[in-house]
Amino acid sequence: MNYKMMGKFISRILLVEAVFMIPALLISIFNNEIKSVAGFGFSMLITLLLAGILMLFCNHCSKAFYAREGLVCVGISWIVMSLLGCLPFFISGEIPNLMDALFETVSGFTTTGATILGEVEKMSRGCLYWRSFTHWLGGMGVLVFVLAIASGGDSKSGFTMHLLRAESPGPKVGKLVPKMKTTAEILYAIYIILTILNILFLLLGKMPLFDAVCTAFGTAGTGGFGVKNDSIAGYSPYLQNVCTVFMLLFGVNFSCYYMLLIRQFKSVWKDEELRFYLGAVFVSVLMIAWNIRGLYGTIGETLRHAAFQVASIVTTTGFATTDFDLWPALSKMILLTLMLVGASAGSTGGGFKFARLLLILKSIRRNIRQVLQPQKIQVVRVNGQPVDEKILENTNAYLAIYVIIIVVSCIFVAIDGFSMTTNISAVIACFNNVGPGFEAVGATCNFAGFGYFSKLVLIMDMLAGRLEIFPILILFSGAAWRHK
């Protein structure tokens, strides 16, 4: 295990985190928010101090870096980043309970959007900005950002490949271009451009600049932290529609945007996951709109709310324009299903991913055909290309672990005595990085009622869900820490 190389990279993560606290500090100074200024000031000093210590002790290190180091490094980085990222909330007194501050910060970085806050608008602007910015930073991944600005290892060490694969969502992470560092740069460039476009369209609808920036951060990262107590409900239909469109855009695999940039339009159109994703959204919107047609005054309003909530849930963003917990059972069941599936692989959304579901369905069809025609060799293909059997095995293993974690987590959180619907939806919402669930954790409620142990379980669920399970699970494996 190359501990020094890992420490060196974690020091860079902490340095980036401290730098990104500067805008929040400046906003706090501008608004004369003394407690927030102290919170961000002390947090930056602590973060920079730890980064300096790691740099000092890990400066001279071997560049050998393997998949094991990549997984462990990603898991530790996100935990350390969250622990230090929660300090501004705790030190400023905005969230006086350390566990609650950690829950809110992990929810931000993992783009979950589950909150323990009942009155969001009472927070200082500096803390509100930092709370929303954690979504944006966690959406594409802070490690991907660091890889985009500095390699940290030579091309033969596998450094960038192992880190990018460990942090990026999806059953398979490949290169857009020959160099992984350039791939990271392209991904972040697309991410930044879409975020800026989102802000501009929100400003065109006369949303205040601060609200537009924070809302765009939550939309881009598919996180869902709002700056208003009613989330997006108080904004105009135009602004709600803008959020709907951009949530769906950020739920698309970013490689599709790269293909559009290099004019490979046919490749985008033939992408089976993209068509599956868009088809599921279209059908879900129509079914929910039909099911809730009597709850709203016009067809336009019904379609707007249906489309918004489908986009919000399937991309695991978690914004709300209405209390969907009051919708009929069919609509809530559709939303719960979308919570489980999530968005596309390679997007900023969470969940099981449409790519994995597509592989599972094709694998089932292959197995049925093999029963009917045992002598014929059946190959699973996606986008016309055969899928490696190892990928199918990994997908099946992921599904098994995915189900086990949800079941075990539901048992653990049941200790607090909430209803089965609350417990199941809370775990699914956190593990799939969605945010709101149903009943006591619905769109108009929060997670403050859970005890310390349940919050810790949900924190681990959020981290495991965002990092695709294995970087967190491997931290509890003794084999991962042994020297070769």
# chains A, B, ... in the order shown; residues from 1 in each chain; ligands from 1
>>> residues_around(residues="range 334-347 of chain A", least_positions_apart="4", cutoff="8 Å", atoms="only C-alpha atoms", output="PyMOL selection string")
chain A and resi 140+168-171+173+250-255+273-274+277+284+288+310+313-316+330+351-355+357+425+428-429+432+434
>>> residues_around(residues="range 90-106 of chain A", least_positions_apart="3", cutoff="6 Å", atoms="only C-alpha atoms", output="list in words")
Lys35, Ser36, Gly39, Ser82, Cys86, Leu87, Phe109, Thr110 and Thr115 of chain A
>>> write_last_selection(atoms="N, CA and C atoms", output="CSV table (one decimal), in the first residue's frame")
chain,number,residue,atom,x,y,z
A,35,LYS,N,-20.3,35.5,12.6
A,35,LYS,CA,-20.1,34.1,13.0
A,35,LYS,C,-19.7,33.3,11.8
A,36,SER,N,-20.2,33.5,10.7
A,36,SER,CA,-19.9,32.8,9.5
A,36,SER,C,-18.4,33.1,9.1
A,39,GLY,N,-16.4,31.1,11.3
A,39,GLY,CA,-16.5,29.7,10.9
A,39,GLY,C,-15.6,29.3,9.7
A,82,SER,N,-15.4,15.6,3.9
A,82,SER,CA,-16.7,15.8,4.6
A,82,SER,C,-16.5,16.3,6.0
A,86,CYS,N,-17.6,20.2,7.1
A,86,CYS,CA,-18.7,20.5,8.0
A,86,CYS,C,-18.3,21.5,9.1
A,87,LEU,N,-17.0,21.8,9.2
A,87,LEU,CA,-16.6,22.7,10.2
A,87,LEU,C,-17.2,24.1,10.2
A,109,PHE,N,-21.9,17.0,-0.4
A,109,PHE,CA,-20.9,16.5,-1.2
A,109,PHE,C,-21.3,15.3,-2.1
A,110,THR,N,-22.1,14.4,-1.5
A,110,THR,CA,-22.6,13.3,-2.2
A,110,THR,C,-23.8,13.6,-3.1
A,115,THR,N,-31.7,16.7,4.2
A,115,THR,CA,-31.4,17.8,5.1
A,115,THR,C,-31.9,17.6,6.5
>>> atom_distance(atom1="CA of Ala443 in chain A", atom2="CA of Arg356 in chain A")
27.7 Å
>>> closest_residue(among="A:Ala329, A:Met55, A:Leu50, A:Met123", to="Met81 in chain A", atoms="only C-alpha atoms")
A:Leu50
>>> select_by_dssp(residues="range 175-367 of chain A", states="alpha helix (DSSP H)", output="VMD selection string")
chain A and resid 180 to 204 209 to 220 237 to 250 254 to 261 265 to 269 272 to 291 299 to 314 329 to 341 354 to 367
>>> residues_around(residues="Leu249 in chain A", least_positions_apart="5", cutoff="10 Å", atoms="only C-alpha atoms", output="VMD selection string")
chain A and resid 194 219 to 220 243 to 244 254 257 311 315 347 to 348
>>> residues_around(residues="range 212-218 of chain A", least_positions_apart="3", cutoff="7 Å", atoms="only C-alpha atoms", output="list of chain:residue names")
A:Tyr129, A:Ser132, A:Phe133, A:His135, A:Trp136, A:Thr195, A:Asn198, A:Ile199, A:Leu202, A:Leu203, A:Met207, A:Pro208, A:Leu209, A:Gly221, A:Thr222, A:Gly223, A:Gly224, A:Phe225, A:Gly226
>>> residues_around(residues="Ser419 in chain A", least_positions_apart="4", cutoff="12 Å", atoms="only C-alpha atoms", output="list in words")
Cys410, Ile411, Val413, Ala414, Ile415, Asn423, Ile424, Ser425, Ala426, Phe438, Glu439, Ala440 and Val441 of chain A
>>> residues_around(residues="range 76-78 of chain A", least_positions_apart="2", cutoff="9 Å", atoms="only C-alpha atoms", output="PyMOL selection string")
chain A and resi 9-10+13-14+71-74+80-83+106+109-110+142-143+463+467+471-472+475
>>> atom_distance(atom1="CA of Ile405 in chain A", atom2="CA of Glu468 in chain A")
11.9 Å
>>> atom_distance(atom1="CA of Met462 in chain A", atom2="CA of Phe308 in chain A")
23.2 Å
